[in-house]
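As provided, protein_28.txt (compact mmCIF, C-alpha atoms and all ligand atoms) reads as follows.
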```txt
# COMPACT_ATOMS: atom_id res chain seq x y z
CA MET A 56 0.00 0.00 0.00
CA ALA A 57 1.29 3.43 -0.90
CA GLU A 58 2.11 5.74 1.99
CA PRO A 59 -0.01 8.87 2.10
CA VAL A 60 2.06 11.82 0.96
CA THR A 61 1.62 15.16 2.66
CA THR A 62 3.72 17.90 1.13
CA GLU A 63 5.21 20.93 2.83
CA THR A 64 2.57 23.08 1.12
CA ASP A 65 -0.20 20.83 2.43
CA ILE A 66 1.13 21.22 5.96
CA GLN A 67 1.30 25.01 5.66
CA GLU A 68 -2.24 25.15 4.29
CA ASN A 69 -3.51 22.77 6.95
CA LEU A 70 -1.96 24.91 9.68
CA LEU A 71 -3.69 27.99 8.31
CA ALA A 72 -7.03 26.20 7.99
CA VAL A 73 -6.90 24.68 11.49
CA GLY A 74 -5.81 28.06 12.87
CA GLU A 75 -8.82 29.71 11.27
CA ARG A 76 -11.18 27.06 12.62
CA ILE A 77 -9.71 27.51 16.10
CA ALA A 78 -10.17 31.29 15.90
CA ALA A 79 -13.76 30.93 14.68
CA ALA A 80 -14.63 28.41 17.40
CA ALA A 81 -13.09 30.63 20.06
CA LYS A 82 -14.97 33.72 18.86
CA ALA A 83 -18.23 31.78 18.69
CA ALA A 84 -17.67 30.82 22.33
CA GLY A 85 -16.91 34.42 23.32
CA ARG A 86 -13.25 33.59 23.90
CA GLU A 87 -10.04 35.10 22.58
CA PRO A 88 -8.40 32.99 19.84
CA VAL A 89 -5.00 33.46 21.53
CA ALA A 90 -6.41 31.67 24.59
CA VAL A 91 -6.26 28.41 22.60
CA THR A 92 -2.87 26.85 21.81
CA LEU A 93 -2.63 24.50 18.84
CA ILE A 94 -0.36 21.57 19.66
CA ALA A 95 0.58 20.00 16.32
CA ILE A 96 0.92 16.27 17.01
CA SER A 97 3.78 15.05 14.82
CA LYS A 98 3.95 11.45 16.16
CA VAL A 99 4.83 8.79 13.56
CA HIS A 100 5.44 11.49 10.93
CA PRO A 101 9.06 12.05 9.88
CA ALA A 102 11.15 14.96 11.16
CA ALA A 103 10.72 16.58 7.73
CA ALA A 104 6.99 17.01 8.40
CA ALA A 105 7.66 18.76 11.71
CA LYS A 106 10.31 20.86 9.97
CA ALA A 107 7.78 21.97 7.36
CA ALA A 108 5.47 23.17 10.12
CA LEU A 109 8.38 24.90 11.88
CA SER A 110 9.36 26.63 8.63
CA ALA A 111 5.77 27.81 8.30
CA GLY A 112 6.17 29.48 11.69
CA HIS A 113 4.45 26.96 13.94
CA ARG A 114 6.19 26.40 17.27
CA VAL A 115 4.17 24.08 19.52
CA PHE A 116 4.31 20.33 18.92
CA GLY A 117 3.34 17.09 20.59
CA GLU A 118 4.72 13.56 20.54
CA ASN A 119 3.38 10.48 22.28
CA ARG A 120 6.57 8.42 22.71
CA VAL A 121 9.71 9.56 24.50
CA GLN A 122 12.02 7.41 22.37
CA GLU A 123 10.59 8.66 19.08
CA ALA A 124 10.82 12.26 20.29
CA GLU A 125 14.45 11.70 21.34
CA ASP A 126 15.21 10.50 17.82
CA LYS A 127 13.51 13.41 16.09
CA TRP A 128 13.55 16.50 18.24
CA PRO A 129 17.02 17.39 19.54
CA ALA A 130 18.10 18.42 16.01
CA LEU A 131 14.83 20.27 15.36
CA LYS A 132 15.10 22.11 18.68
CA GLU A 133 18.65 23.10 17.84
CA ALA A 134 17.50 24.55 14.51
CA PHE A 135 14.40 26.17 16.07
CA PRO A 136 15.32 26.97 19.70
CA ASP A 137 11.91 28.48 20.46
CA ALA A 138 10.05 25.30 19.50
CA ARG A 139 8.06 23.83 22.39
CA LEU A 140 7.44 20.11 22.75
CA HIS A 141 4.59 18.49 24.68
CA LEU A 142 4.44 14.82 25.71
CA VAL A 143 0.86 13.62 25.16
CA GLY A 144 1.42 9.85 25.45
CA GLY A 145 1.75 7.63 28.49
CA LEU A 146 4.99 7.96 30.48
CA GLN A 147 6.85 5.01 32.01
CA ARG A 148 9.05 5.65 35.00
CA ASN A 149 12.20 4.48 33.19
CA LYS A 150 11.63 7.21 30.59
CA VAL A 151 11.14 10.04 33.08
CA LYS A 152 14.72 11.30 32.91
CA GLY A 153 14.69 11.59 29.12
CA ALA A 154 11.22 13.13 29.13
CA ILE A 155 12.13 15.84 31.64
CA ALA A 156 15.24 16.68 29.64
CA LEU A 157 13.46 17.05 26.30
CA PHE A 158 9.83 18.11 26.85
CA ASP A 159 8.45 21.51 27.83
CA ALA A 160 5.15 20.07 29.05
CA ILE A 161 3.93 16.64 30.14
CA HIS A 162 0.21 15.93 29.75
CA THR A 163 0.07 12.44 31.18
CA ILE A 164 0.79 12.51 34.92
CA ASP A 165 -1.77 10.00 36.20
CA ARG A 166 -0.43 8.21 39.27
CA LEU A 167 1.46 9.05 42.43
CA LYS A 168 4.50 6.85 41.77
CA LEU A 169 5.03 8.52 38.41
CA ALA A 170 4.46 11.96 39.91
CA ARG A 171 7.09 11.22 42.57
CA ALA A 172 9.62 10.12 39.94
CA VAL A 173 8.90 13.28 37.92
CA ALA A 174 9.32 15.49 41.00
CA GLN A 175 12.61 13.78 41.86
CA GLU A 176 13.95 14.22 38.34
CA MET A 177 12.91 17.89 38.29
CA GLU A 178 14.82 18.37 41.52
CA LYS A 179 17.90 16.69 40.09
CA SER A 180 17.89 18.35 36.66
CA GLY A 181 16.47 21.77 37.46
CA HIS A 182 14.13 21.39 34.42
CA ARG A 183 10.49 21.94 35.34
CA PRO A 184 8.16 21.24 32.39
CA ASP A 185 4.51 22.21 32.88
CA CYS A 186 2.45 19.29 34.15
CA PHE A 187 -1.07 18.26 33.21
CA ILE A 188 -2.87 15.54 35.13
CA GLN A 189 -4.52 13.06 32.74
CA ILE A 190 -8.07 12.12 33.74
CA ASN A 191 -9.63 8.87 32.50
CA THR A 192 -13.04 10.51 32.14
CA GLY A 193 -14.54 7.46 30.41
CA GLU A 194 -13.19 5.08 33.08
CA GLU A 195 -11.80 2.82 30.34
CA ALA A 196 -9.64 -0.07 31.55
CA GLN A 197 -7.12 0.17 28.69
CA LYS A 198 -6.67 3.93 28.90
CA GLY A 199 -4.24 5.98 30.97
CA GLY A 200 -5.43 8.62 33.39
CA VAL A 201 -6.58 8.82 36.97
CA LEU A 202 -10.25 8.02 37.59
CA PRO A 203 -12.41 11.13 38.11
CA GLY A 204 -13.19 10.05 41.67
CA ASP A 205 -9.48 9.95 42.55
CA ALA A 206 -8.54 13.13 40.69
CA ASP A 207 -8.82 15.70 43.50
CA ALA A 208 -6.52 13.66 45.76
CA LEU A 209 -3.89 13.17 43.04
CA ILE A 210 -3.99 16.86 42.04
CA THR A 211 -3.54 17.90 45.68
CA ALA A 212 -0.66 15.47 46.19
CA CYS A 213 1.09 16.63 43.03
CA ARG A 214 0.72 20.30 43.78
CA ASP A 215 1.00 20.53 47.53
CA ASP A 216 3.14 17.55 48.56
CA LEU A 217 5.40 17.23 45.50
CA ALA A 218 5.36 20.90 44.39
CA LEU A 219 4.95 19.89 40.74
CA PRO A 220 4.17 22.79 38.36
CA VAL A 221 0.62 21.54 37.68
CA VAL A 222 -1.09 23.83 35.16
CA GLY A 223 -4.14 21.83 34.16
CA LEU A 224 -5.92 18.64 33.16
CA MET A 225 -5.98 16.46 30.05
CA CYS A 226 -8.43 13.86 28.72
CA ILE A 227 -8.99 11.59 25.71
CA PRO A 228 -12.72 10.81 25.50
CA PRO A 229 -13.86 7.28 24.53
CA VAL A 230 -14.18 7.05 20.74
CA ASP A 231 -17.82 5.95 20.81
CA GLU A 232 -19.18 8.52 23.24
CA GLU A 233 -20.31 12.13 23.01
CA ALA A 234 -17.06 14.01 23.62
CA SER A 235 -18.76 17.10 25.04
CA LEU A 236 -19.80 15.23 28.20
CA HIS A 237 -16.16 14.40 28.85
CA PHE A 238 -14.99 17.93 28.07
CA ALA A 239 -17.58 19.32 30.50
CA LEU A 240 -16.46 16.91 33.22
CA LEU A 241 -12.80 17.90 32.70
CA GLY A 242 -13.76 21.57 32.92
CA ASP A 243 -15.64 21.01 36.18
CA LEU A 244 -12.70 19.15 37.73
CA ALA A 245 -10.28 21.90 36.69
CA ARG A 246 -12.46 24.72 38.02
CA ARG A 247 -12.99 22.98 41.32
CA ASN A 248 -9.21 22.65 41.69
CA GLY A 249 -8.39 26.14 40.47
CA LEU A 250 -6.44 24.89 37.42
CA PRO A 251 -6.38 27.17 34.34
CA ALA A 252 -5.36 24.82 31.52
CA LEU A 253 -7.51 22.23 29.71
CA SER A 254 -5.81 19.91 27.18
CA MET A 255 -8.69 18.43 25.20
CA GLY A 256 -9.87 18.13 21.62
CA MET A 257 -8.25 16.35 18.66
CA SER A 258 -8.76 16.57 14.88
CA GLY A 259 -12.34 15.32 15.05
CA ASP A 260 -13.62 17.38 17.97
CA PHE A 261 -11.38 20.37 18.72
CA GLU A 262 -14.10 22.91 17.97
CA THR A 263 -16.39 21.26 20.52
CA ALA A 264 -13.52 21.20 23.01
CA ILE A 265 -12.96 24.95 22.52
CA ARG A 266 -16.64 25.55 23.23
CA PHE A 267 -16.10 23.73 26.54
CA GLY A 268 -13.03 25.77 27.45
CA ALA A 269 -10.05 23.94 25.91
CA THR A 270 -6.83 25.95 26.21
CA HIS A 271 -4.71 23.34 24.40
CA VAL A 272 -6.04 21.37 21.43
CA ARG A 273 -3.98 18.40 20.17
CA VAL A 274 -4.32 18.09 16.40
CA GLY A 275 -2.36 15.51 14.41
CA THR A 276 -4.20 14.37 11.29
CA GLY A 277 -5.70 17.81 10.70
CA VAL A 278 -2.21 19.29 10.37
CA PHE A 279 -0.01 16.49 9.00
CA GLY A 280 -2.52 14.28 7.19
CA GLU A 281 -3.07 10.58 7.83
CA ARG A 282 -0.31 8.94 9.83
CA PRO A 283 1.97 6.51 7.94
CA ALA A 284 1.02 2.89 8.69
CA HIS A 285 4.49 1.96 9.89
CA LYS A 286 5.18 3.03 13.44
CA PRO A 287 8.78 3.39 14.59
CA GLU A 288 9.72 0.84 17.28
CA ASN A 289 9.86 2.08 20.81
C1 LIG B 1 -2.42 11.10 18.26
C2 LIG B 1 -2.95 11.93 19.36
C3 LIG B 1 -3.67 13.12 19.09
C4 LIG B 1 -3.95 13.62 17.68
O1 LIG B 1 -4.94 12.83 17.09
P1 LIG B 1 -5.59 13.27 15.68
O2 LIG B 1 -6.92 12.60 15.69
O3 LIG B 1 -4.68 12.78 14.62
O4 LIG B 1 -5.71 14.75 15.70
C5 LIG B 1 -4.12 13.85 20.16
N1 LIG B 1 -3.89 13.47 21.44
C6 LIG B 1 -3.21 12.35 21.73
C7 LIG B 1 -3.01 11.98 23.15
C8 LIG B 1 -2.74 11.54 20.71
O5 LIG B 1 -2.07 10.41 21.02
```
Hey, can you dump this file as structure tokens for me?
Ligand SMILES: *Cc1c(COP(=O)(O)O)cnc(C)c1O
Amino acid sequence: MAEPVTTETDIQENLLAVGERIAAAAKAAGREPVAVTLIAISKVHPAAAAKAALSAGHRVFGENRVQEAEDKWPALKEAFPDARLHLVGGLQRNKVKGAIALFDAIHTIDRLKLARAVAQEMEKSGHRPDCFIQINTGEEAQKGGVLPGDADALITACRDDLALPVVGLMCIPPVDEEASLHFALLGDLARRNGLPALSMGMSGDFETAIRFGATHVRVGTGVFGERPAHKPEN
């Protein structure tokens, strides 16, 4: 099967189009477009795709695997020092050191042991990426994230006991459910804990997420096209 080909021009046009849709959704919700950050999710795509977006002026990116990001991003960050990289995939404790060194934000803090390892590594390295707590709003067994009922306790432990720089919450709604219910739940949890940032919304539902207060939308396919079938080993 032929790999889908997304050219540099496609990526530039996609960025403009997604940017316009974000601005329109924000205005429709009575919000400022600049209050919503587009995280371009470059996972599985080659470094050249990320470079095309960087050349077009985009600066905020997301990856879901530490190893893949370590292969791709040090060179890109050297060429574009103001690029910002967000980790949006699950984090294993043996990858914490590399993640803290490379990423500017981590969206997937979801358990105390991991939070402790992250706090320890921040202490050691002096790097303090922004932290989002991932909430498993759909209570799906296979999905990462703390259960909504355990969220307040984990947020408090991360902020008050471990002094992590917690900025907000993140969720990935179940594919077969109305996403808005999950976005609303995430917003309620964030408000109740005084957290300003909401990482929610992907290519298929980012406009809905913006209506429900998303401050960070994570868009992969909408920017880079379909992901190549072959995934790099991790
Ligand atoms: C891949 C991924 C996205 C982007 O998904 P698209 O549907 O391609 O926009 C967003 N968030 C997370 C956590 C992802 O792993």
Go through region 83-112 of chain A and flag each residue having an atom no more than 8 Å from region 275-278 of chain A; for those, report the closest pair of atoms plus their distance in Å to one decimal, using only C-alpha atoms, ordered by chain and rising number, as a tab-separated table.
```
residue	atom	partner	partner_atom	distance
A:Ala95	CA	A:Gly275	CA	5.7
A:Ile96	CA	A:Gly275	CA	4.3
A:Ser97	CA	A:Gly275	CA	6.2
A:Lys98	CA	A:Gly275	CA	7.7
```
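Residues of protein, DNA and RNA with at least one atom no farther than 12 Å from (-21.3, 15.2, 26.0) are, using all atoms listed in the file, Thr192, Gly193, Pro228, Pro229, Asp231, Glu232, Glu233, Ala234, Ser235, Leu236, His237, Phe238, Ala239, Leu240, Leu241, Asp260, Thr263, Ala264, Arg266 and Phe267 of chain A.
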Keeping C-alpha atoms, export the residues of the selection given above as a PDB file, in the frame of the given file.
```pdb
ATOM      1  CA  THR A 192     -13.040  10.510  32.140  1.00  0.00           C
ATOM      2  CA  GLY A 193     -14.540   7.460  30.410  1.00  0.00           C
ATOM      3  CA  PRO A 228     -12.720  10.810  25.500  1.00  0.00           C
ATOM      4  CA  PRO A 229     -13.860   7.280  24.530  1.00  0.00           C
ATOM      5  CA  ASP A 231     -17.820   5.950  20.810  1.00  0.00           C
ATOM      6  CA  GLU A 232     -19.180   8.520  23.240  1.00  0.00           C
ATOM      7  CA  GLU A 233     -20.310  12.130  23.010  1.00  0.00           C
ATOM      8  CA  ALA A 234     -17.060  14.010  23.620  1.00  0.00           C
ATOM      9  CA  SER A 235     -18.760  17.100  25.040  1.00  0.00           C
ATOM     10  CA  LEU A 236     -19.800  15.230  28.200  1.00  0.00           C
ATOM     11  CA  HIS A 237     -16.160  14.400  28.850  1.00  0.00           C
ATOM     12  CA  PHE A 238     -14.990  17.930  28.070  1.00  0.00           C
ATOM     13  CA  ALA A 239     -17.580  19.320  30.500  1.00  0.00           C
ATOM     14  CA  LEU A 240     -16.460  16.910  33.220  1.00  0.00           C
ATOM     15  CA  LEU A 241     -12.800  17.900  32.700  1.00  0.00           C
ATOM     16  CA  ASP A 260     -13.620  17.380  17.970  1.00  0.00           C
ATOM     17  CA  THR A 263     -16.390  21.260  20.520  1.00  0.00           C
ATOM     18  CA  ALA A 264     -13.520  21.200  23.010  1.00  0.00           C
ATOM     19  CA  ARG A 266     -16.640  25.550  23.230  1.00  0.00           C
ATOM     20  CA  PHE A 267     -16.100  23.730  26.540  1.00  0.00           C
TER      21      PHE A 267
END
```
Using only C-alpha atoms and all ligand atoms, which protein or nucleic acid residues are at most 10 Å from ligand LIG 1 (chain B), as a PDB file with C-alpha atoms, in the coordinates of the input?
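Result file selection_26.pdb:
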```
ATOM      1  CA  ILE A  94      -0.360  21.570  19.660  1.00  0.00           C
ATOM      2  CA  ALA A  95       0.580  20.000  16.320  1.00  0.00           C
ATOM      3  CA  ILE A  96       0.920  16.270  17.010  1.00  0.00           C
ATOM      4  CA  SER A  97       3.780  15.050  14.820  1.00  0.00           C
ATOM      5  CA  LYS A  98       3.950  11.450  16.160  1.00  0.00           C
ATOM      6  CA  VAL A  99       4.830   8.790  13.560  1.00  0.00           C
ATOM      7  CA  GLY A 117       3.340  17.090  20.590  1.00  0.00           C
ATOM      8  CA  GLU A 118       4.720  13.560  20.540  1.00  0.00           C
ATOM      9  CA  ASN A 119       3.380  10.480  22.280  1.00  0.00           C
ATOM     10  CA  ARG A 120       6.570   8.420  22.710  1.00  0.00           C
ATOM     11  CA  LEU A 142       4.440  14.820  25.710  1.00  0.00           C
ATOM     12  CA  VAL A 143       0.860  13.620  25.160  1.00  0.00           C
ATOM     13  CA  GLY A 144       1.420   9.850  25.450  1.00  0.00           C
ATOM     14  CA  GLY A 145       1.750   7.630  28.490  1.00  0.00           C
ATOM     15  CA  HIS A 162       0.210  15.930  29.750  1.00  0.00           C
ATOM     16  CA  THR A 163       0.070  12.440  31.180  1.00  0.00           C
ATOM     17  CA  GLN A 189      -4.520  13.060  32.740  1.00  0.00           C
ATOM     18  CA  GLY A 199      -4.240   5.980  30.970  1.00  0.00           C
ATOM     19  CA  MET A 225      -5.980  16.460  30.050  1.00  0.00           C
ATOM     20  CA  CYS A 226      -8.430  13.860  28.720  1.00  0.00           C
ATOM     21  CA  ILE A 227      -8.990  11.590  25.710  1.00  0.00           C
ATOM     22  CA  SER A 254      -5.810  19.910  27.180  1.00  0.00           C
ATOM     23  CA  MET A 255      -8.690  18.430  25.200  1.00  0.00           C
ATOM     24  CA  GLY A 256      -9.870  18.130  21.620  1.00  0.00           C
ATOM     25  CA  MET A 257      -8.250  16.350  18.660  1.00  0.00           C
ATOM     26  CA  SER A 258      -8.760  16.570  14.880  1.00  0.00           C
ATOM     27  CA  GLY A 259     -12.340  15.320  15.050  1.00  0.00           C
ATOM     28  CA  ASP A 260     -13.620  17.380  17.970  1.00  0.00           C
ATOM     29  CA  PHE A 261     -11.380  20.370  18.720  1.00  0.00           C
ATOM     30  CA  VAL A 272      -6.040  21.370  21.430  1.00  0.00           C
ATOM     31  CA  ARG A 273      -3.980  18.400  20.170  1.00  0.00           C
ATOM     32  CA  VAL A 274      -4.320  18.090  16.400  1.00  0.00           C
ATOM     33  CA  GLY A 275      -2.360  15.510  14.410  1.00  0.00           C
ATOM     34  CA  THR A 276      -4.200  14.370  11.290  1.00  0.00           C
ATOM     35  CA  GLY A 277      -5.700  17.810  10.700  1.00  0.00           C
ATOM     36  CA  VAL A 278      -2.210  19.290  10.370  1.00  0.00           C
ATOM     37  CA  PHE A 279      -0.010  16.490   9.000  1.00  0.00           C
ATOM     38  CA  GLY A 280      -2.520  14.280   7.190  1.00  0.00           C
ATOM     39  CA  GLU A 281      -3.070  10.580   7.830  1.00  0.00           C
ATOM     40  CA  ARG A 282      -0.310   8.940   9.830  1.00  0.00           C
TER      41      ARG A 282
END
```
Worksheet item: With distances taken over all atoms listed in the file, which of A:Ala107, A:Ala102, A:Ile164, A:Val89 is nearest to Glu68 (chain A)?
Response: A:Ala107
Worksheet item: For Val121 (chain A), which of A:Ala208, A:Ala156, A:Ala138, A:Leu109 is the closest residue, counting all atoms listed in the file?
Response: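 Closest to Val121 (chain A) of all the choices is A:Ala156.
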Worksheet entry | Close residues, Asn248 (chain A) itself excluded, 9 Å, only C-alpha atoms, min 4 positions apart in chain, as a list in words |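 My list of contacting residues is Asp207, Ile210, Thr211, Asp243 and Leu244 of chain A.
CA of Asp159 (chain A) is found 14.6 Å from CA of Leu93 (chain A).
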